[in-house]
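Participant: So I've got this file, protein29.cif, and it contains mmCIF, C-alpha atoms:
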```cif
data_target
loop_
_atom_site.label_atom_id
_atom_site.label_comp_id
_atom_site.auth_asym_id
_atom_site.auth_seq_id
_atom_site.Cartn_x
_atom_site.Cartn_y
_atom_site.Cartn_z
CA MET A 1 8.33 -15.93 -9.23
CA ASP A 2 5.71 -13.61 -10.64
CA LYS A 3 6.20 -9.88 -10.07
CA ILE A 4 2.85 -8.68 -8.78
CA LEU A 5 3.73 -5.07 -8.01
CA GLU A 6 6.29 -2.74 -9.65
CA ILE A 7 7.09 0.75 -8.40
CA ASN A 8 9.09 2.62 -11.02
CA ASP A 9 10.69 6.04 -10.37
CA VAL A 10 7.69 7.17 -8.28
CA ARG A 11 7.70 10.86 -7.40
CA LYS A 12 5.29 12.92 -5.33
CA PHE A 13 5.12 16.63 -4.50
CA PHE A 14 3.08 18.39 -1.85
CA GLY A 15 3.24 21.97 -3.05
CA ARG A 16 6.89 22.63 -3.88
CA LYS A 17 8.20 19.96 -1.51
CA GLU A 18 9.19 16.67 -3.13
CA ILE A 19 8.03 13.93 -0.77
CA LEU A 20 9.06 10.94 -2.89
CA ARG A 21 12.12 11.32 -5.06
CA GLY A 22 12.23 8.45 -7.53
CA ILE A 23 11.32 5.23 -5.67
CA ASN A 24 12.03 1.92 -7.40
CA PHE A 25 11.33 -1.63 -6.21
CA SER A 26 9.16 -4.62 -7.06
CA VAL A 27 7.19 -7.16 -5.05
CA GLU A 28 6.90 -10.81 -6.02
CA GLU A 29 4.05 -13.17 -5.27
CA GLY A 30 4.13 -14.33 -1.66
CA GLU A 31 6.80 -11.80 -0.71
CA ILE A 32 6.73 -9.72 2.49
CA ILE A 33 8.28 -6.25 2.17
CA SER A 34 8.80 -4.14 5.31
CA VAL A 35 9.27 -0.42 4.77
CA LEU A 36 11.25 1.37 7.47
CA GLY A 37 12.44 4.93 7.93
CA PRO A 38 12.19 8.00 10.16
CA SER A 39 8.95 9.95 10.50
CA GLY A 40 8.24 12.10 7.47
CA CYS A 41 10.34 10.05 5.07
CA GLY A 42 7.38 9.28 2.76
CA LYS A 43 6.44 5.75 3.85
CA SER A 44 2.69 6.31 4.23
CA THR A 45 2.57 8.52 1.14
CA LEU A 46 4.08 5.66 -0.87
CA LEU A 47 1.44 3.21 0.41
CA ASN A 48 -1.37 5.63 -0.43
CA ILE A 49 -0.03 5.95 -3.98
CA ILE A 50 0.21 2.16 -4.38
CA ALA A 51 -3.34 1.79 -3.04
CA GLY A 52 -4.72 4.41 -5.42
CA ILE A 53 -5.66 6.89 -2.69
CA LEU A 54 -3.17 9.52 -3.84
CA PRO A 55 -2.09 10.40 -7.40
CA LEU A 56 1.60 10.46 -8.21
CA ASP A 57 3.51 13.21 -10.03
CA GLY A 58 6.06 11.07 -11.84
CA GLY A 59 6.89 7.44 -12.53
CA THR A 60 4.48 4.51 -12.58
CA VAL A 61 2.88 1.82 -10.46
CA ALA A 62 2.07 -1.44 -12.25
CA ILE A 63 0.21 -4.58 -11.20
CA HIS A 64 1.07 -7.68 -13.25
CA GLY A 65 2.70 -5.36 -15.79
CA GLN A 66 -0.37 -3.17 -16.23
CA GLN A 67 0.00 0.48 -15.23
CA VAL A 68 -2.46 1.55 -12.56
CA SER A 69 -0.82 4.90 -11.71
CA ALA A 70 1.11 7.32 -13.88
CA ALA A 71 1.19 11.09 -14.28
CA GLY A 72 -2.40 11.95 -15.21
CA LYS A 73 -3.59 8.34 -14.80
CA MET A 74 -5.09 6.67 -11.76
CA VAL A 75 -7.02 3.39 -11.85
CA ALA A 76 -9.74 3.32 -9.18
CA ILE A 77 -8.97 1.72 -5.82
CA GLN A 78 -11.54 -1.04 -6.27
CA ASP A 79 -9.97 -2.10 -9.58
CA ARG A 80 -6.41 -2.64 -8.27
CA SER A 81 -6.50 -6.10 -6.59
CA ILE A 82 -4.90 -4.32 -3.62
CA ASN A 83 -6.35 -3.61 -0.20
CA MET A 84 -5.04 -1.48 2.63
CA VAL A 85 -5.28 -1.84 6.40
CA PHE A 86 -5.12 1.59 8.00
CA GLN A 87 -3.38 2.40 11.26
CA ASP A 88 -6.60 3.84 12.74
CA PHE A 89 -8.61 0.71 11.68
CA ALA A 90 -11.16 2.84 9.71
CA LEU A 91 -14.11 0.70 10.80
CA TRP A 92 -17.67 1.97 10.39
CA PRO A 93 -18.78 2.67 14.01
CA HIS A 94 -22.48 2.09 13.27
CA MET A 95 -21.87 -1.34 11.74
CA LYS A 96 -21.28 -4.60 13.58
CA ALA A 97 -18.08 -6.54 12.89
CA ARG A 98 -19.91 -8.79 10.41
CA GLU A 99 -21.18 -5.81 8.42
CA ASN A 100 -17.77 -4.15 8.42
CA ILE A 101 -16.14 -7.28 7.03
CA LEU A 102 -18.80 -7.74 4.34
CA TYR A 103 -19.01 -4.07 3.34
CA GLY A 104 -16.68 -4.21 0.33
CA LEU A 105 -18.23 -7.45 -0.91
CA LYS A 106 -21.68 -5.87 -0.82
CA VAL A 107 -20.39 -2.88 -2.79
CA LYS A 108 -19.10 -5.35 -5.40
CA LYS A 109 -22.54 -7.04 -5.32
CA LEU A 110 -21.26 -10.54 -4.70
CA GLY A 111 -23.81 -13.27 -4.15
CA LYS A 112 -24.91 -14.10 -0.62
CA GLU A 113 -23.41 -17.60 -0.71
CA GLU A 114 -19.99 -16.36 -1.81
CA MET A 115 -20.04 -13.57 0.77
CA GLU A 116 -20.80 -16.03 3.56
CA SER A 117 -18.05 -18.35 2.32
CA ARG A 118 -15.47 -15.57 2.40
CA LEU A 119 -16.73 -14.37 5.77
CA ASN A 120 -16.36 -17.83 7.30
CA GLU A 121 -12.88 -18.17 5.84
CA VAL A 122 -11.51 -14.92 7.29
CA VAL A 123 -13.31 -15.37 10.63
CA SER A 124 -11.57 -18.73 11.04
CA LEU A 125 -8.19 -17.41 9.93
CA LEU A 126 -8.31 -14.39 12.25
CA HIS A 127 -10.05 -16.07 15.20
CA LEU A 128 -13.06 -13.75 15.20
CA GLU A 129 -15.61 -16.34 16.28
CA GLY A 130 -18.08 -14.83 18.73
CA LEU A 131 -17.27 -11.23 17.78
CA LEU A 132 -19.31 -10.74 14.63
CA GLU A 133 -22.36 -9.23 16.32
CA GLN A 134 -20.37 -6.63 18.26
CA TYR A 135 -19.85 -3.01 17.27
CA PRO A 136 -16.30 -1.59 17.03
CA SER A 137 -16.76 0.29 20.31
CA GLU A 138 -17.37 -3.05 22.03
CA LEU A 139 -14.10 -4.55 20.76
CA SER A 140 -10.55 -4.17 22.04
CA GLY A 141 -8.00 -2.42 19.84
CA GLY A 142 -6.50 -5.76 18.83
CA GLN A 143 -9.93 -7.13 17.94
CA GLN A 144 -10.72 -4.02 15.90
CA GLN A 145 -7.46 -4.41 13.98
CA ARG A 146 -8.25 -8.06 13.29
CA VAL A 147 -11.68 -7.05 11.94
CA ALA A 148 -9.98 -4.46 9.71
CA ILE A 149 -7.59 -7.12 8.43
CA ALA A 150 -10.51 -9.51 7.86
CA ARG A 151 -12.33 -6.84 5.84
CA SER A 152 -9.28 -6.54 3.58
CA LEU A 153 -8.76 -10.29 3.22
CA ALA A 154 -12.44 -10.85 2.35
CA MET A 155 -11.83 -8.90 -0.86
CA SER A 156 -9.23 -11.51 -1.94
CA PRO A 157 -6.54 -8.93 -2.73
CA GLU A 158 -3.32 -9.95 -4.43
CA VAL A 159 -1.39 -7.51 -2.24
CA ILE A 160 -2.25 -6.31 1.28
CA LEU A 161 -0.82 -2.98 2.42
CA PHE A 162 -0.38 -2.29 6.14
CA ASP A 163 0.27 1.26 7.38
CA GLU A 164 1.80 1.06 10.88
CA PRO A 165 -0.59 -1.73 11.92
CA THR A 166 0.37 -1.59 15.61
CA SER A 167 0.76 2.17 16.15
CA ALA A 168 -2.77 2.67 17.51
CA LEU A 169 -2.60 -0.30 19.87
CA ASP A 170 -1.81 -0.47 23.56
CA PRO A 171 1.55 -2.21 24.14
CA GLU A 172 -0.03 -5.41 25.45
CA LEU A 173 -2.00 -5.81 22.18
CA VAL A 174 0.92 -5.33 19.80
CA ASN A 175 2.05 -8.96 19.93
CA GLU A 176 -1.51 -10.14 19.27
CA VAL A 177 -1.68 -8.30 15.95
CA LEU A 178 1.92 -9.11 14.99
CA GLY A 179 1.09 -12.76 15.60
CA VAL A 180 -1.84 -12.51 13.20
CA MET A 181 0.39 -10.92 10.55
CA LYS A 182 2.98 -13.67 10.97
CA ASP A 183 0.19 -16.19 10.41
CA LEU A 184 -0.77 -14.37 7.20
CA ALA A 185 2.85 -14.46 6.05
CA ALA A 186 2.93 -18.20 6.73
CA GLU A 187 -0.24 -18.57 4.63
CA GLY A 188 1.61 -17.03 1.67
CA TYR A 189 -0.09 -13.63 1.48
CA THR A 190 1.81 -10.90 -0.36
CA MET A 191 2.26 -7.89 1.93
CA VAL A 192 3.88 -4.47 2.02
CA VAL A 193 4.14 -3.31 5.63
CA VAL A 194 5.10 0.15 6.86
CA THR A 195 6.24 -0.52 10.40
CA HIS A 196 8.47 0.53 13.27
CA GLU A 197 8.46 -2.98 14.72
CA MET A 198 12.04 -4.08 14.11
CA ASP A 199 11.54 -7.66 15.31
CA PHE A 200 8.65 -8.13 12.90
CA ALA A 201 10.71 -6.75 10.01
CA ARG A 202 13.64 -8.98 10.98
CA GLN A 203 11.66 -12.19 11.50
CA VAL A 204 8.98 -12.04 8.81
CA SER A 205 10.25 -9.92 5.91
CA ASP A 206 11.76 -11.25 2.71
CA GLU A 207 13.14 -7.77 1.98
CA VAL A 208 13.48 -4.58 4.01
CA VAL A 209 13.23 -1.18 2.29
CA PHE A 210 14.64 1.90 4.03
CA LEU A 211 13.43 5.38 3.05
CA GLU A 212 14.81 8.74 4.14
CA LYS A 213 13.80 12.19 2.90
CA GLY A 214 11.87 10.61 0.05
CA LEU A 215 14.78 8.50 -1.21
CA LEU A 216 15.16 4.74 -1.18
CA ILE A 217 18.46 4.40 0.66
CA GLU A 218 18.69 0.62 0.87
CA LYS A 219 16.79 -2.56 0.01
CA ALA A 220 18.11 -5.84 1.35
CA PRO A 221 17.13 -9.16 2.94
CA PRO A 222 16.67 -8.76 6.70
CA GLU A 223 19.78 -10.74 7.63
CA LYS A 224 21.93 -8.29 5.68
CA PHE A 225 19.92 -5.17 6.47
CA PHE A 226 20.10 -5.68 10.23
CA THR A 227 23.62 -7.07 10.52
CA ASN A 228 25.66 -5.57 7.69
CA PRO A 229 23.86 -2.70 5.89
CA ASP A 230 25.65 -0.88 3.10
CA SER A 231 24.53 2.58 4.20
CA ASP A 232 25.95 4.53 7.13
CA ARG A 233 22.52 6.14 7.48
CA VAL A 234 20.87 2.74 7.97
CA ARG A 235 23.46 1.83 10.60
CA LYS A 236 22.74 5.06 12.51
CA PHE A 237 18.98 4.49 12.24
CA LEU A 238 19.30 0.97 13.63
CA GLN A 239 21.50 2.14 16.50
CA SER A 240 19.03 4.87 17.44
CA SER A 241 16.14 2.37 17.37
CA ARG A 242 17.66 -0.01 19.93
#
```
Output the file's structure as structure tokens, nothing else.
Facilitator:
Amino acid sequence: MDKILEINDVRKFFGRKEILRGINFSVEEGEIISVLGPSGCGKSTLLNIIAGILPLDGGTVAIHGQQVSAAGKMVAIQDRSINMVFQDFALWPHMKARENILYGLKVKKLGKEEMESRLNEVVSLLHLEGLLEQYPSELSGGQQQRVAIARSLAMSPEVILFDEPTSALDPELVNEVLGVMKDLAAEGYTMVVVTHEMDFARQVSDEVVFLEKGLLIEKAPPEKFFTNPDSDRVRKFLQSSR
């Protein structure tokens, strides 16, 4: 399979504190990677570096073998074939759902026919029929998250990044969004998901990555990660999460 994304020895400092301490892994086409770890381990920082929101201080990020991040180098977000779904949805409050979904396409100045085609595709996939003329404040949290996902999918990214996609949702809405993400996985989308939802990581992931204190402690298929991890630290983390 084709390696879409390669993270090589990625390091990041905030002041004197090293937040990421040499992270290495790759993502193949159609693969679902779940990133787990305790709060403050560097998960969201890693996603922001992959997305092009934050610069790195060492190592490289490459897409299809082409470096997009290195020390002193940072390809713009819109030129990365990657899109990110934020935990707080990040929808424009003054725009209706339709306008939010089409926003990135308008920035790229796509033709009206192509924009409508992509809109119809993601609306059908994410079951947003009847919601396009509503503002974010008129939508439930689950509906807002589905609009945010639709906005990302409309850009036809090669990799979708999710940063704690259920953390801002009420408990009764969590399964709704996880169901949508399972549908995306079944459609063959390539995803890197920072999550605390163990069942999602177990059921949907091709690989699970565990970070702690900026280090990649373990990377394994879910059946091994959850039943027979190599690291004592992973075992303790899983026990504390039950």
Participant: At a cut-off of 12 Å, can you tabulate as a tab-separated table every residue of region 84-164 of chain A near region 59-76 of chain A together with its closest atom pair and the distance in Å to one decimal, using only C-alpha atoms and ordering rows by chain then number?
Facilitator:
```
residue	atom	partner	partner_atom	distance
A:Pro157	CA	A:Ile63	CA	11.7
A:Glu158	CA	A:Ile63	CA	9.3
A:Val159	CA	A:Ile63	CA	9.6
```
Participant: Can you spit out the residues from that selection as an mmCIF file, keeping the file's coordinate frame, using C-alpha atoms?
Facilitator:
```cif
data_model
loop_
_atom_site.group_PDB
_atom_site.id
_atom_site.type_symbol
_atom_site.label_atom_id
_atom_site.label_comp_id
_atom_site.auth_asym_id
_atom_site.auth_seq_id
_atom_site.Cartn_x
_atom_site.Cartn_y
_atom_site.Cartn_z
ATOM 1 C CA PRO A 157 -6.540 -8.930 -2.730
ATOM 2 C CA GLU A 158 -3.320 -9.950 -4.430
ATOM 3 C CA VAL A 159 -1.390 -7.510 -2.240
#
```
Participant: What do you get, as a PDB file with C-alpha atoms, in the coordinates of the input, if you spell out every residue that the PyMOL selection byres ((chain A and resi 145-154) around 9) selects here?
Facilitator:
```pdb
ATOM      1  CA  ILE A  82      -4.900  -4.320  -3.620  1.00  0.00           C
ATOM      2  CA  ASN A  83      -6.350  -3.610  -0.200  1.00  0.00           C
ATOM      3  CA  MET A  84      -5.040  -1.480   2.630  1.00  0.00           C
ATOM      4  CA  VAL A  85      -5.280  -1.840   6.400  1.00  0.00           C
ATOM      5  CA  PHE A  86      -5.120   1.590   8.000  1.00  0.00           C
ATOM      6  CA  GLN A  87      -3.380   2.400  11.260  1.00  0.00           C
ATOM      7  CA  ASP A  88      -6.600   3.840  12.740  1.00  0.00           C
ATOM      8  CA  PHE A  89      -8.610   0.710  11.680  1.00  0.00           C
ATOM      9  CA  ALA A  90     -11.160   2.840   9.710  1.00  0.00           C
ATOM     10  CA  LEU A  91     -14.110   0.700  10.800  1.00  0.00           C
ATOM     11  CA  ALA A  97     -18.080  -6.540  12.890  1.00  0.00           C
ATOM     12  CA  ARG A  98     -19.910  -8.790  10.410  1.00  0.00           C
ATOM     13  CA  ASN A 100     -17.770  -4.150   8.420  1.00  0.00           C
ATOM     14  CA  ILE A 101     -16.140  -7.280   7.030  1.00  0.00           C
ATOM     15  CA  LEU A 102     -18.800  -7.740   4.340  1.00  0.00           C
ATOM     16  CA  TYR A 103     -19.010  -4.070   3.340  1.00  0.00           C
ATOM     17  CA  GLY A 104     -16.680  -4.210   0.330  1.00  0.00           C
ATOM     18  CA  LEU A 105     -18.230  -7.450  -0.910  1.00  0.00           C
ATOM     19  CA  MET A 115     -20.040 -13.570   0.770  1.00  0.00           C
ATOM     20  CA  ARG A 118     -15.470 -15.570   2.400  1.00  0.00           C
ATOM     21  CA  LEU A 119     -16.730 -14.370   5.770  1.00  0.00           C
ATOM     22  CA  GLU A 121     -12.880 -18.170   5.840  1.00  0.00           C
ATOM     23  CA  VAL A 122     -11.510 -14.920   7.290  1.00  0.00           C
ATOM     24  CA  VAL A 123     -13.310 -15.370  10.630  1.00  0.00           C
ATOM     25  CA  LEU A 125      -8.190 -17.410   9.930  1.00  0.00           C
ATOM     26  CA  LEU A 126      -8.310 -14.390  12.250  1.00  0.00           C
ATOM     27  CA  HIS A 127     -10.050 -16.070  15.200  1.00  0.00           C
ATOM     28  CA  LEU A 128     -13.060 -13.750  15.200  1.00  0.00           C
ATOM     29  CA  LEU A 132     -19.310 -10.740  14.630  1.00  0.00           C
ATOM     30  CA  PRO A 136     -16.300  -1.590  17.030  1.00  0.00           C
ATOM     31  CA  SER A 140     -10.550  -4.170  22.040  1.00  0.00           C
ATOM     32  CA  GLY A 141      -8.000  -2.420  19.840  1.00  0.00           C
ATOM     33  CA  GLY A 142      -6.500  -5.760  18.830  1.00  0.00           C
ATOM     34  CA  GLN A 143      -9.930  -7.130  17.940  1.00  0.00           C
ATOM     35  CA  GLN A 144     -10.720  -4.020  15.900  1.00  0.00           C
ATOM     36  CA  MET A 155     -11.830  -8.900  -0.860  1.00  0.00           C
ATOM     37  CA  SER A 156      -9.230 -11.510  -1.940  1.00  0.00           C
ATOM     38  CA  PRO A 157      -6.540  -8.930  -2.730  1.00  0.00           C
ATOM     39  CA  ILE A 160      -2.250  -6.310   1.280  1.00  0.00           C
ATOM     40  CA  PHE A 162      -0.380  -2.290   6.140  1.00  0.00           C
ATOM     41  CA  PRO A 165      -0.590  -1.730  11.920  1.00  0.00           C
ATOM     42  CA  THR A 166       0.370  -1.590  15.610  1.00  0.00           C
ATOM     43  CA  LEU A 169      -2.600  -0.300  19.870  1.00  0.00           C
ATOM     44  CA  VAL A 177      -1.680  -8.300  15.950  1.00  0.00           C
ATOM     45  CA  VAL A 180      -1.840 -12.510  13.200  1.00  0.00           C
TER      46      VAL A 180
END
```
Participant: Find the residues near Val27 (chain A): any atom within 6 Å, counting only C-alpha atoms, skip ones fewer than 4 places away on the same chain, and give them as an NGL selection string.
Facilitator: :A and (3-5)
Participant: Please compute the CA of Ser240 (chain A)-CA of His196 (chain A) distance, one decimal, in Å.
Facilitator: 12.2 Å
Participant: Just give me the gap between CA of Glu31 (chain A) and CA of Phe226 (chain A) in Å, one decimal is fine.
Facilitator: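 We find that CA of Glu31 (chain A) and CA of Phe226 (chain A) lie 18.3 Å from each other.
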Participant: Just say which residues the PyMOL selection byres ((chain A and resi 55-58) around 12) picks in this file, as a ChimeraX atom specification.
Facilitator: /A:7-24,45-54,59-61,68-77
Participant: Evaluating the PyMOL selection byres ((chain A and resi 35) around 12) on the displayed file yields which residues, as a VMD selection string?
Facilitator: chain A and resid 25 32 to 34 36 to 39 41 to 47 161 to 164 191 to 198 200 to 202 205 to 212 216 to 222 225
Participant: Mind dumping the selected residues with C-alpha atoms as an mmCIF file, in the coordinates of the input?
Facilitator:
```cif
data_model
loop_
_atom_site.group_PDB
_atom_site.id
_atom_site.type_symbol
_atom_site.label_atom_id
_atom_site.label_comp_id
_atom_site.auth_asym_id
_atom_site.auth_seq_id
_atom_site.Cartn_x
_atom_site.Cartn_y
_atom_site.Cartn_z
ATOM 1 C CA PHE A 25 11.330 -1.630 -6.210
ATOM 2 C CA ILE A 32 6.730 -9.720 2.490
ATOM 3 C CA ILE A 33 8.280 -6.250 2.170
ATOM 4 C CA SER A 34 8.800 -4.140 5.310
ATOM 5 C CA LEU A 36 11.250 1.370 7.470
ATOM 6 C CA GLY A 37 12.440 4.930 7.930
ATOM 7 C CA PRO A 38 12.190 8.000 10.160
ATOM 8 C CA SER A 39 8.950 9.950 10.500
ATOM 9 C CA CYS A 41 10.340 10.050 5.070
ATOM 10 C CA GLY A 42 7.380 9.280 2.760
ATOM 11 C CA LYS A 43 6.440 5.750 3.850
ATOM 12 C CA SER A 44 2.690 6.310 4.230
ATOM 13 C CA THR A 45 2.570 8.520 1.140
ATOM 14 C CA LEU A 46 4.080 5.660 -0.870
ATOM 15 C CA LEU A 47 1.440 3.210 0.410
ATOM 16 C CA LEU A 161 -0.820 -2.980 2.420
ATOM 17 C CA PHE A 162 -0.380 -2.290 6.140
ATOM 18 C CA ASP A 163 0.270 1.260 7.380
ATOM 19 C CA GLU A 164 1.800 1.060 10.880
ATOM 20 C CA MET A 191 2.260 -7.890 1.930
ATOM 21 C CA VAL A 192 3.880 -4.470 2.020
ATOM 22 C CA VAL A 193 4.140 -3.310 5.630
ATOM 23 C CA VAL A 194 5.100 0.150 6.860
ATOM 24 C CA THR A 195 6.240 -0.520 10.400
ATOM 25 C CA HIS A 196 8.470 0.530 13.270
ATOM 26 C CA GLU A 197 8.460 -2.980 14.720
ATOM 27 C CA MET A 198 12.040 -4.080 14.110
ATOM 28 C CA PHE A 200 8.650 -8.130 12.900
ATOM 29 C CA ALA A 201 10.710 -6.750 10.010
ATOM 30 C CA ARG A 202 13.640 -8.980 10.980
ATOM 31 C CA SER A 205 10.250 -9.920 5.910
ATOM 32 C CA ASP A 206 11.760 -11.250 2.710
ATOM 33 C CA GLU A 207 13.140 -7.770 1.980
ATOM 34 C CA VAL A 208 13.480 -4.580 4.010
ATOM 35 C CA VAL A 209 13.230 -1.180 2.290
ATOM 36 C CA PHE A 210 14.640 1.900 4.030
ATOM 37 C CA LEU A 211 13.430 5.380 3.050
ATOM 38 C CA GLU A 212 14.810 8.740 4.140
ATOM 39 C CA LEU A 216 15.160 4.740 -1.180
ATOM 40 C CA ILE A 217 18.460 4.400 0.660
ATOM 41 C CA GLU A 218 18.690 0.620 0.870
ATOM 42 C CA LYS A 219 16.790 -2.560 0.010
ATOM 43 C CA ALA A 220 18.110 -5.840 1.350
ATOM 44 C CA PRO A 221 17.130 -9.160 2.940
ATOM 45 C CA PRO A 222 16.670 -8.760 6.700
ATOM 46 C CA PHE A 225 19.920 -5.170 6.470
#
```
Participant: When you draw a straight line from CA of Glu28 (chain A) to CA of Asp79 (chain A), how long is it in Å?
Facilitator: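 Between CA of Glu28 (chain A) and CA of Asp79 (chain A) the gap is 19.3 Å.
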Participant: Restricting the calculation to only C-alpha atoms, which member of A:Glu133, A:Ser167, A:Asp2, A:Asp230 is positioned closest to Gly30 (chain A)?
Facilitator: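 Of A:Glu133, A:Ser167, A:Asp2, A:Asp230, the one nearest Gly30 (chain A) is A:Asp2, counting only C-alpha atoms.
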Participant: Go through A:Thr190, A:His94, A:Thr227, A:Ser241 one by one, measure the shortest atom-to-atom distance of each to Ser81 (chain A) using only C-alpha atoms, and give the residue with the smallest value.
Facilitator: A:Thr190
Participant: Could you please fill out region 14-21 of chain A with all heavy atoms and send it back as a compact mmCIF listing (two decimals), keeping the file's coordinate frame?
Facilitator:
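File produced: part_1.txt:
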```txt
# COMPACT_ATOMS: atom_id res chain seq x y z
N PHE A 14 4.11 17.67 -2.56
CA PHE A 14 3.08 18.39 -1.85
C PHE A 14 3.47 19.86 -1.91
O PHE A 14 4.39 20.29 -1.22
CB PHE A 14 2.95 17.93 -0.40
CG PHE A 14 2.35 16.55 -0.25
CD1 PHE A 14 2.80 15.67 0.71
CD2 PHE A 14 1.31 16.13 -1.09
CE1 PHE A 14 2.24 14.41 0.86
CE2 PHE A 14 0.75 14.87 -0.96
CZ PHE A 14 1.21 14.01 0.02
N GLY A 15 2.79 20.60 -2.77
CA GLY A 15 3.24 21.97 -3.05
C GLY A 15 4.58 21.91 -3.78
O GLY A 15 4.74 21.18 -4.76
N ARG A 16 5.55 22.64 -3.27
CA ARG A 16 6.89 22.63 -3.88
C ARG A 16 7.80 21.58 -3.28
O ARG A 16 8.92 21.36 -3.76
CB ARG A 16 7.54 24.02 -3.74
CG ARG A 16 6.83 25.12 -4.53
CD ARG A 16 7.58 26.43 -4.40
NE ARG A 16 6.94 27.49 -5.17
CZ ARG A 16 7.40 28.73 -5.23
NH1 ARG A 16 8.50 29.06 -4.55
NH2 ARG A 16 6.76 29.64 -5.95
N LYS A 17 7.35 20.92 -2.21
CA LYS A 17 8.20 19.96 -1.51
C LYS A 17 8.06 18.58 -2.15
O LYS A 17 6.96 18.04 -2.29
CB LYS A 17 7.82 19.89 -0.04
CG LYS A 17 8.75 18.99 0.77
CD LYS A 17 8.41 19.04 2.26
CE LYS A 17 9.37 18.17 3.06
NZ LYS A 17 9.05 18.20 4.50
N GLU A 18 9.19 18.01 -2.54
CA GLU A 18 9.19 16.67 -3.13
C GLU A 18 9.24 15.64 -2.01
O GLU A 18 10.24 15.52 -1.29
CB GLU A 18 10.38 16.50 -4.07
CG GLU A 18 10.28 15.24 -4.92
CD GLU A 18 11.35 15.15 -6.00
OE1 GLU A 18 12.36 15.87 -5.91
OE2 GLU A 18 11.16 14.37 -6.95
N ILE A 19 8.16 14.89 -1.86
CA ILE A 19 8.03 13.93 -0.77
C ILE A 19 8.63 12.58 -1.14
O ILE A 19 9.26 11.93 -0.31
CB ILE A 19 6.55 13.75 -0.38
CG1 ILE A 19 5.93 15.10 -0.01
CG2 ILE A 19 6.40 12.76 0.76
CD1 ILE A 19 6.58 15.78 1.17
N LEU A 20 8.45 12.16 -2.37
CA LEU A 20 9.06 10.94 -2.89
C LEU A 20 9.91 11.31 -4.10
O LEU A 20 9.43 11.97 -5.02
CB LEU A 20 8.00 9.91 -3.27
CG LEU A 20 7.13 9.38 -2.12
CD1 LEU A 20 6.04 8.46 -2.65
CD2 LEU A 20 7.98 8.65 -1.08
N ARG A 21 11.14 10.82 -4.10
CA ARG A 21 12.12 11.32 -5.06
C ARG A 21 12.68 10.19 -5.94
O ARG A 21 13.88 9.96 -5.99
CB ARG A 21 13.24 12.04 -4.30
CG ARG A 21 12.73 13.19 -3.46
CD ARG A 21 13.71 13.62 -2.39
NE ARG A 21 14.97 14.11 -2.93
CZ ARG A 21 16.04 14.41 -2.19
NH1 ARG A 21 15.99 14.23 -0.87
NH2 ARG A 21 17.14 14.85 -2.76
```
